[in-house]
Amino acid sequence: MTTHLVVLPILVLLVAALILPLVREPRRASLIGVSALAAAFLLWLALAFLVMRQGAISYHLGGWPPPVGIEVIADKLAVFFGLTVFLVAIPTAVFAGVDMPAEAPEPALSSFWTLYLLLVLSLLGLAQAGDLFNMYVFLEISSLAACALVAVVNRPANVEAAFKYLLLSTVGSGCVLLAIALLYMITGQLNLAFLARELEHQAPLYPKNVIGAGTFLLVGLGVKAAIFPLHTWLPDAHASAPSPASALLSGLVVKVYVVVMVRIVWGTLGRAFFTLLPFKSVLLLLATISIFLASILAMAQTDLKRMLAYSTVAQMGYIFLGLAAGSRTAFAGAILHIFNHALLKGALFLAAGAVIWRTGRRRLAELVGVGHTCPLTLSFFAIAALGMVGIPGTSGFVSKWFLLVGMLQQSSPLLAWVVLISSLLNAAYYFPVIILGFFGHGTDNELRFHLDRIPPELLLPAGSLALVSLFFGLWPSFPLHLAQDIAHDFFL
Amino acid sequence: MQNLEYIAAMLLYVTGLGIMLFHSNLIKKIIGMNIMETAVFLIFIAAGYVRGGQPPIALPGEPLLLPVNPLPQALILTGLVVSVSITAYALALLREIYRHFGTLDAAEIARRKGELT
């Protein structure tokens with residue numbers, strides 16, 4: 001009975017997602033959405049507790065064992081990412097309950113919730129999938145749901161961004177499927193554990209297949225995780241999407257592909273793969289370019305959400321940098337950064353969304369002096385922004401610290417410089433927003449200081465994400481130990 | 001001539017990708033996307049085919065000599081469903097793009113979007 005717990009959170013979300021299109025009333029739809037998420041979260045907590053105590057659980061769908069049956073895995077990586085998902089998705093859902101009626105037309109609201117739950121369940125499914133084809137299916141669910149969330153608001157910019165996103169992420173999925181085909185051709189297996197065992201014998205015999213599979217995997221997941229030069233879709237999509245959708249897309253969706261990459265490349269393809277292909281060097285190079293280019297482009301932005309979107313590209317670069325640096329400490333830092341960045345970027349997008357809800361402005365030049373009318377919201381924004389820069393005491397500091405220590409242990413000071421200098425660049429585009437927001441004088445006459453006139457449903461989610469990230473910055477042991485265990489299991 | 005299907009699939013793949021990258025008409029981009037996906041499906045199906053093989057169905061009393069691998073076919077059926085839904089969604093988006101911008105030319109849309117902001 002206990003083992004069914006592995007798939008129950010996904011099932012709860014799936015059932016709720018299928019019921020939601022029948023619900024016409026927007027308030028009831030948001031209530032069903034939030035309560036389904038809460039129920040799934042409780043089940044996930046129970047699962048997490050079980051996994052922490054007993055170790056990884058393998059669940060065989062329909063009772064057929066692999067390699068013929070479908071395996072669903074609940075290990076520390078899955079549990080870690082799932083907790084991240086819920087920590088971001090639940091506050092965002094509360095936020096969306098108030099924010100979405102202001103952004104989207106009423107008929108679109110119940111489909112917004114369907115898409116929201118489908119997206120969350122696809123993220124959990126990707127983290128738990130034990131075989132390649134299941135991963136592909138969840139990959140497609142996640143990219144369709146994500147594209148549709150961008151286009152929930154029928155504005156020209158949204159539709160165009162969604163189309164670009166859809167086209168590129170389909171190319172990405174196609175590449176992943178091709179990689180799966182190449183691996184299946186030589187091993188005859190789709191289940192990850194069996195594939196890993198078979199590949200050890202087959203990789204030396206068919207090196208070209210392995211090299212091809214690796215290249216297509218890198219391109220396919222790279223498009224979806226927005227690594228340079230495949231990031232072009234991200235700023236448009238994440239900036240134009242409604243704010244709660246942006247928080248979800250930027251905080252979680254791009255990161256799930258990192259989890260998938262860790263599971264396939266590090267967890268399955270293994271050493272044979274790294275000797276055949278300069279995978280890590282390529283990843284290091286692309287990540288470095290991503291970090292610098294995106295940081296510089298972020299400075300040039302005039303739109304708040306677009307700036308945050310470029311910052312996501314840069315932060316994804318840190319994660320890839322840590323994975324490929326070749327040190328276990330940096331690997332753990334990268335895994336931890338998945339968690340930290342999800343919370344921070346969620347808080348930033350929700351705070352930005354609350355400011356936009358209150359003032360209707362999103363251009364940076366118009367947001368000067370916004371701290372007078374939205375002091376609390378801007379404070380939450382500031383906490384999260386300091387975390388992005390990596391100021392000591394914030395959660396961003398902890399993950400960057402581990403990245404740095406790992407790179408120095410690996411005696412690659414050049415990579416450490418990349419992290420340090422780019423932190424300076426982060427500061428260069430986050431600090432002006434905060435300083436001008438609090439101390440600048442806006443063009444309008446609303447100079448009198450007063451507390452935010454923003455409903456608590458918008459304020460609290462942003463605040464809770466910012467404060468939770470601050471908590472894990474001061475006492476990081478729980479996510480840190482999980483990340484170190486994951487690094488222990490997967491690092492090669 | 002043994003690997004003819006793989007060569008054909010690679011040609012299709014490159015053709016599809018080329019159409020997606022180099023044509024500015026959005027409908028053609030969707031067509032290119034479909035050609036590319038079909039190429040991947042062909043590779044998968046070809047990987048499971050056995051020359052001179054039988055359908056992989058065990059009839060009572062008949063031994064199953066040399067069956068083709070049914071797994072890729074089942075998988076690609078799922079892949080086709082995914083591909084159809086993505087195409088349907090892309091076409092729906094395209095309709096809205098045409099309504100907003102009055103054109104389906106990528107360069108023209110980029111120009112008009114610049115005027116909007």
# chains A, B, ... in the order shown; residues from 1 in each chain; ligands from 1
>>> closest_atom_pairs(of="chain B", to="chain A", cutoff="7 Å", atoms="only C-alpha atoms", output="tab-separated table")
residue	atom	partner	partner_atom	distance
B:Glu37	CA	A:Gly174	CA	6.1
B:Val40	CA	A:Leu178	CA	5.7
B:Phe44	CA	A:Ala181	CA	5.4
B:Ala47	CA	A:Met185	CA	5.8
B:Ala90	CA	A:Phe163	CA	6.6
B:Leu93	CA	A:Val159	CA	6.3
B:Glu96	CA	A:Val159	CA	6.9
B:Ile97	CA	A:Val159	CA	6.2
B:His100	CA	A:Pro156	CA	5.7
>>> residues_around(residues="region 73-83 of chain B", least_positions_apart="3", cutoff="7 Å", atoms="only C-alpha atoms", output="PyMOL selection string")
chain B and resi 41+45+70+86-87
>>> select_by_dssp(residues="region 8-116 of chain B", states="strand (DSSP E or B)", output="number ranges by chain")
B: 25, 54, 67, 105
>>> residues_around(residues="Gly52 (chain B)", least_positions_apart="4", cutoff="12 Å", atoms="only C-alpha atoms", output="list in words")
Leu65, Leu66, Pro67 and Val68 of chain B
>>> residues_around(residues="region 37-45 of chain A", least_positions_apart="4", cutoff="9 Å", atoms="only C-alpha atoms", output="list of chain:residue names")
A:Leu5, A:Val6, A:Leu8, A:Pro9, A:Ile10, A:Leu11, A:Val12, A:Leu13, A:Ile32, A:Gly33, A:Phe49, A:Leu50, A:Val79, A:Gly82, A:Leu83, A:Phe86, A:Leu87, A:Ala89, A:Ile90, A:Ala93, A:Leu117, A:Val120
>>> write_last_selection(atoms="C-alpha atoms", output="PDB file, in the first residue's frame")
ATOM      1  CA  LEU A   5       2.364   6.763  -2.528  1.00  0.00           C
ATOM      2  CA  VAL A   6       4.972   7.174  -5.273  1.00  0.00           C
ATOM      3  CA  LEU A   8      -0.451   9.343  -5.864  1.00  0.00           C
ATOM      4  CA  PRO A   9       0.623  13.029  -5.997  1.00  0.00           C
ATOM      5  CA  ILE A  10       0.693  12.903  -9.794  1.00  0.00           C
ATOM      6  CA  LEU A  11      -2.672  11.142  -9.910  1.00  0.00           C
ATOM      7  CA  VAL A  12      -4.326  13.686  -7.613  1.00  0.00           C
ATOM      8  CA  LEU A  13      -3.121  16.523  -9.842  1.00  0.00           C
ATOM      9  CA  ILE A  32      -9.960  23.403  -6.652  1.00  0.00           C
ATOM     10  CA  GLY A  33      -6.524  24.139  -8.103  1.00  0.00           C
ATOM     11  CA  PHE A  49       9.716  11.266   4.640  1.00  0.00           C
ATOM     12  CA  LEU A  50       9.584   7.642   3.493  1.00  0.00           C
ATOM     13  CA  VAL A  79      12.067  14.160  -3.752  1.00  0.00           C
ATOM     14  CA  GLY A  82       9.437  17.755  -6.011  1.00  0.00           C
ATOM     15  CA  LEU A  83       9.745  19.720  -2.765  1.00  0.00           C
ATOM     16  CA  PHE A  86       5.613  22.530  -4.372  1.00  0.00           C
ATOM     17  CA  LEU A  87       7.376  25.273  -2.410  1.00  0.00           C
ATOM     18  CA  ALA A  89       3.930  26.270  -7.049  1.00  0.00           C
ATOM     19  CA  ILE A  90       1.642  26.629  -4.019  1.00  0.00           C
ATOM     20  CA  ALA A  93      -1.175  29.373  -7.125  1.00  0.00           C
ATOM     21  CA  LEU A 117      -1.855  21.528 -12.693  1.00  0.00           C
ATOM     22  CA  VAL A 120       3.151  20.839 -12.128  1.00  0.00           C
TER      23      VAL A 120
END
>>> select_by_dssp(residues="chain B", states="helix (DSSP H, G or I)", output="ChimeraX atom specification")
/B:4-22,26-48,70-101,106-116
>>> closest_residue(among="A:Phe273, A:Val260, A:Phe402, A:Ala239", to="Ile211 (chain A)", atoms="only C-alpha atoms")
A:Phe273
>>> residues_around(residues="Phe397 (chain A)", least_positions_apart="5", cutoff="12 Å", atoms="only C-alpha atoms", output="list of chain:residue names")
A:Gly333, A:Leu336, A:His337, A:Asn340, A:His341, A:Leu344, A:Ala384, A:Ala385, A:Leu386, A:Gly387, A:Met388, A:Val389, A:Gly390, A:Ile391, A:Pro392, A:Phe402, A:Leu403, A:Leu404, A:Val405, A:Val419, A:Leu420, A:Ser423, A:Ser469, A:Leu470, A:Phe472, A:Gly473, A:Leu474, A:Trp475, A:Pro476
>>> residues_around(residues="Ala110 (chain B)", least_positions_apart="4", cutoff="12 Å", atoms="only C-alpha atoms", output="list in words")
Pro156, Ala157, Glu160, Ala161, Lys164 and Asp236 of chain A; Ser24, Ile97, Phe101, Thr103, Leu104, Asp105, Ala106, Gly114, Glu115, Leu116 and Thr117 of chain B
>>> atom_distance(atom1="CA of Gln202 (chain A)", atom2="CA of Thr275 (chain A)")
14.0 Å
>>> residues_around(residues="Thr187 (chain A)", least_positions_apart="3", cutoff="12 Å", atoms="only C-alpha atoms", output="ChimeraX atom specification")
/A:67,180-184,190-203,205-206,209-210,269 /B:47-48
>>> write_last_selection(atoms="C-alpha atoms", output="short mmCIF file (atom, residue, chain, number, x, y, z; two decimals), in the first residue's frame")
data_model
loop_
_atom_site.label_atom_id
_atom_site.label_comp_id
_atom_site.auth_asym_id
_atom_site.auth_seq_id
_atom_site.Cartn_x
_atom_site.Cartn_y
_atom_site.Cartn_z
CA PRO A 67 12.52 -3.84 -18.24
CA ILE A 180 16.47 7.99 -27.28
CA ALA A 181 16.20 6.18 -30.64
CA LEU A 182 20.00 6.06 -30.99
CA LEU A 183 20.38 4.63 -27.50
CA TYR A 184 17.55 2.14 -27.98
CA LEU A 190 14.46 2.13 -22.39
CA ASN A 191 14.58 1.60 -18.65
CA LEU A 192 17.42 3.71 -17.27
CA ALA A 193 18.96 1.10 -14.97
CA PHE A 194 18.93 -1.63 -17.64
CA LEU A 195 20.15 0.81 -20.26
CA ALA A 196 23.10 1.78 -18.07
CA ARG A 197 24.06 -1.88 -17.59
CA GLU A 198 23.76 -2.68 -21.30
CA LEU A 199 25.55 0.47 -22.43
CA GLU A 200 28.73 -0.50 -20.61
CA HIS A 201 29.19 -3.35 -23.11
CA GLN A 202 27.75 -1.63 -26.17
CA ALA A 203 29.33 1.83 -25.93
CA LEU A 205 31.29 -1.20 -29.97
CA TYR A 206 29.08 1.64 -31.21
CA ASN A 209 25.69 6.12 -31.67
CA VAL A 210 26.71 7.24 -28.21
CA LEU A 269 25.13 7.12 -19.60
CA ALA B 47 15.41 0.33 -35.65
CA GLY B 48 12.76 -2.20 -34.68
#
>>> atom_distance(atom1="CA of Glu108 (chain B)", atom2="CA of Leu26 (chain B)")
11.0 Å
>>> closest_residue(among="B:Val84, B:Ala92, B:Leu17, B:Leu4", to="Met36 (chain B)", atoms="only C-alpha atoms")
B:Leu17
>>> atom_distance(atom1="CA of Asp75 (chain A)", atom2="CA of Leu323 (chain A)")
18.9 Å
>>> decode(residues="region 59-101 of chain B", atoms="N, CA and C atoms", output="mmCIF file, in the first residue's frame")
data_model
loop_
_atom_site.group_PDB
_atom_site.id
_atom_site.type_symbol
_atom_site.label_atom_id
_atom_site.label_comp_id
_atom_site.auth_asym_id
_atom_site.auth_seq_id
_atom_site.Cartn_x
_atom_site.Cartn_y
_atom_site.Cartn_z
ATOM 1 N N LEU B 59 -0.382 -16.338 -32.734
ATOM 2 C CA LEU B 59 -1.662 -17.003 -32.936
ATOM 3 C C LEU B 59 -1.573 -18.391 -32.312
ATOM 4 N N PRO B 60 -2.715 -18.907 -31.834
ATOM 5 C CA PRO B 60 -2.672 -20.220 -31.188
ATOM 6 C C PRO B 60 -2.212 -21.300 -32.165
ATOM 7 N N GLY B 61 -1.242 -22.079 -31.750
ATOM 8 C CA GLY B 61 -0.780 -23.187 -32.565
ATOM 9 C C GLY B 61 0.277 -22.828 -33.585
ATOM 10 N N GLU B 62 0.532 -21.543 -33.814
ATOM 11 C CA GLU B 62 1.557 -21.175 -34.786
ATOM 12 C C GLU B 62 2.775 -20.612 -34.059
ATOM 13 N N PRO B 63 3.939 -21.178 -34.305
ATOM 14 C CA PRO B 63 5.132 -20.626 -33.662
ATOM 15 C C PRO B 63 5.476 -19.269 -34.268
ATOM 16 N N LEU B 64 6.002 -18.382 -33.427
ATOM 17 C CA LEU B 64 6.298 -17.032 -33.878
ATOM 18 C C LEU B 64 7.757 -16.970 -34.318
ATOM 19 N N LEU B 65 7.981 -17.178 -35.639
ATOM 20 C CA LEU B 65 9.345 -17.123 -36.152
ATOM 21 C C LEU B 65 9.650 -15.693 -36.566
ATOM 22 N N LEU B 66 10.775 -15.186 -36.088
ATOM 23 C CA LEU B 66 11.275 -13.894 -36.539
ATOM 24 C C LEU B 66 10.226 -12.772 -36.500
ATOM 25 N N PRO B 67 9.713 -12.421 -35.319
ATOM 26 C CA PRO B 67 8.775 -11.299 -35.264
ATOM 27 C C PRO B 67 9.515 -9.962 -35.324
ATOM 28 N N VAL B 68 8.882 -8.945 -35.881
ATOM 29 C CA VAL B 68 9.493 -7.611 -35.789
ATOM 30 C C VAL B 68 9.261 -7.085 -34.372
ATOM 31 N N ASN B 69 10.090 -6.115 -33.979
ATOM 32 C CA ASN B 69 9.997 -5.584 -32.614
ATOM 33 C C ASN B 69 8.777 -4.675 -32.502
ATOM 34 N N PRO B 70 7.785 -5.038 -31.677
ATOM 35 C CA PRO B 70 6.568 -4.227 -31.610
ATOM 36 C C PRO B 70 6.728 -2.966 -30.769
ATOM 37 N N LEU B 71 7.770 -2.910 -29.949
ATOM 38 C CA LEU B 71 7.881 -1.803 -28.998
ATOM 39 C C LEU B 71 8.022 -0.444 -29.683
ATOM 40 N N PRO B 72 8.950 -0.302 -30.668
ATOM 41 C CA PRO B 72 9.059 1.016 -31.316
ATOM 42 C C PRO B 72 7.753 1.454 -31.948
ATOM 43 N N GLN B 73 7.012 0.504 -32.521
ATOM 44 C CA GLN B 73 5.752 0.878 -33.152
ATOM 45 C C GLN B 73 4.778 1.439 -32.130
ATOM 46 N N ALA B 74 4.721 0.781 -30.957
ATOM 47 C CA ALA B 74 3.830 1.273 -29.905
ATOM 48 C C ALA B 74 4.264 2.652 -29.438
ATOM 49 N N LEU B 75 5.582 2.817 -29.299
ATOM 50 C CA LEU B 75 6.089 4.108 -28.827
ATOM 51 C C LEU B 75 5.773 5.207 -29.826
ATOM 52 N N ILE B 76 5.984 4.912 -31.106
ATOM 53 C CA ILE B 76 5.810 5.950 -32.111
ATOM 54 C C ILE B 76 4.341 6.331 -32.263
ATOM 55 N N LEU B 77 3.463 5.384 -31.949
ATOM 56 C CA LEU B 77 2.037 5.724 -31.925
ATOM 57 C C LEU B 77 1.800 6.852 -30.929
ATOM 58 N N THR B 78 2.431 6.747 -29.764
ATOM 59 C CA THR B 78 2.348 7.834 -28.777
ATOM 60 C C THR B 78 2.964 9.109 -29.340
ATOM 61 N N GLY B 79 4.130 8.927 -29.993
ATOM 62 C CA GLY B 79 4.813 10.079 -30.577
ATOM 63 C C GLY B 79 3.938 10.788 -31.594
ATOM 64 N N LEU B 80 3.199 10.006 -32.387
ATOM 65 C CA LEU B 80 2.310 10.604 -33.398
ATOM 66 C C LEU B 80 1.215 11.435 -32.743
ATOM 67 N N VAL B 81 0.661 10.889 -31.655
ATOM 68 C CA VAL B 81 -0.402 11.617 -30.956
ATOM 69 C C VAL B 81 0.133 12.962 -30.462
ATOM 70 N N VAL B 82 1.337 12.899 -29.873
ATOM 71 C CA VAL B 82 1.954 14.133 -29.383
ATOM 72 C C VAL B 82 2.147 15.110 -30.531
ATOM 73 N N SER B 83 2.659 14.578 -31.656
ATOM 74 C CA SER B 83 2.947 15.433 -32.799
ATOM 75 C C SER B 83 1.677 16.076 -33.345
ATOM 76 N N VAL B 84 0.588 15.308 -33.393
ATOM 77 C CA VAL B 84 -0.680 15.861 -33.879
ATOM 78 C C VAL B 84 -1.164 16.971 -32.959
ATOM 79 N N SER B 85 -1.068 16.738 -31.626
ATOM 80 C CA SER B 85 -1.594 17.773 -30.724
ATOM 81 C C SER B 85 -0.746 19.030 -30.801
ATOM 82 N N ILE B 86 0.578 18.863 -30.967
ATOM 83 C CA ILE B 86 1.421 20.052 -31.078
ATOM 84 C C ILE B 86 1.090 20.811 -32.364
ATOM 85 N N THR B 87 0.890 20.067 -33.459
ATOM 86 C CA THR B 87 0.547 20.727 -34.711
ATOM 87 C C THR B 87 -0.777 21.478 -34.579
ATOM 88 N N ALA B 88 -1.763 20.824 -33.943
ATOM 89 C CA ALA B 88 -3.062 21.475 -33.773
ATOM 90 C C ALA B 88 -2.908 22.756 -32.970
ATOM 91 N N TYR B 89 -2.136 22.678 -31.896
ATOM 92 C CA TYR B 89 -1.963 23.853 -31.042
ATOM 93 C C TYR B 89 -1.210 24.951 -31.794
ATOM 94 N N ALA B 90 -0.183 24.549 -32.556
ATOM 95 C CA ALA B 90 0.595 25.536 -33.310
ATOM 96 C C ALA B 90 -0.294 26.243 -34.327
ATOM 97 N N LEU B 91 -1.173 25.481 -34.979
ATOM 98 C CA LEU B 91 -2.059 26.092 -35.975
ATOM 99 C C LEU B 91 -3.042 27.047 -35.306
ATOM 100 N N ALA B 92 -3.523 26.669 -34.113
ATOM 101 C CA ALA B 92 -4.431 27.562 -33.390
ATOM 102 C C ALA B 92 -3.726 28.865 -33.037
ATOM 103 N N LEU B 93 -2.464 28.746 -32.586
ATOM 104 C CA LEU B 93 -1.689 29.949 -32.275
ATOM 105 C C LEU B 93 -1.513 30.806 -33.523
ATOM 106 N N LEU B 94 -1.268 30.119 -34.635
ATOM 107 C CA LEU B 94 -1.014 30.817 -35.902
ATOM 108 C C LEU B 94 -2.228 31.645 -36.315
ATOM 109 N N ARG B 95 -3.399 31.093 -36.058
ATOM 110 C CA ARG B 95 -4.629 31.801 -36.391
ATOM 111 C C ARG B 95 -4.691 33.107 -35.600
ATOM 112 N N GLU B 96 -4.347 33.027 -34.330
ATOM 113 C CA GLU B 96 -4.367 34.237 -33.498
ATOM 114 C C GLU B 96 -3.286 35.219 -33.933
ATOM 115 N N ILE B 97 -2.111 34.667 -34.320
ATOM 116 C CA ILE B 97 -1.043 35.551 -34.795
ATOM 117 C C ILE B 97 -1.522 36.319 -36.019
ATOM 118 N N TYR B 98 -2.207 35.618 -36.920
ATOM 119 C CA TYR B 98 -2.696 36.266 -38.140
ATOM 120 C C TYR B 98 -3.732 37.341 -37.791
ATOM 121 N N ARG B 99 -4.556 37.043 -36.784
ATOM 122 C CA ARG B 99 -5.576 38.003 -36.374
ATOM 123 C C ARG B 99 -4.918 39.275 -35.806
ATOM 124 N N HIS B 100 -3.829 39.074 -35.034
ATOM 125 C CA HIS B 100 -3.180 40.219 -34.404
ATOM 126 C C HIS B 100 -2.322 41.015 -35.382
ATOM 127 N N PHE B 101 -1.563 40.289 -36.196
ATOM 128 C CA PHE B 101 -0.544 40.962 -37.002
ATOM 129 C C PHE B 101 -0.951 41.106 -38.468
#
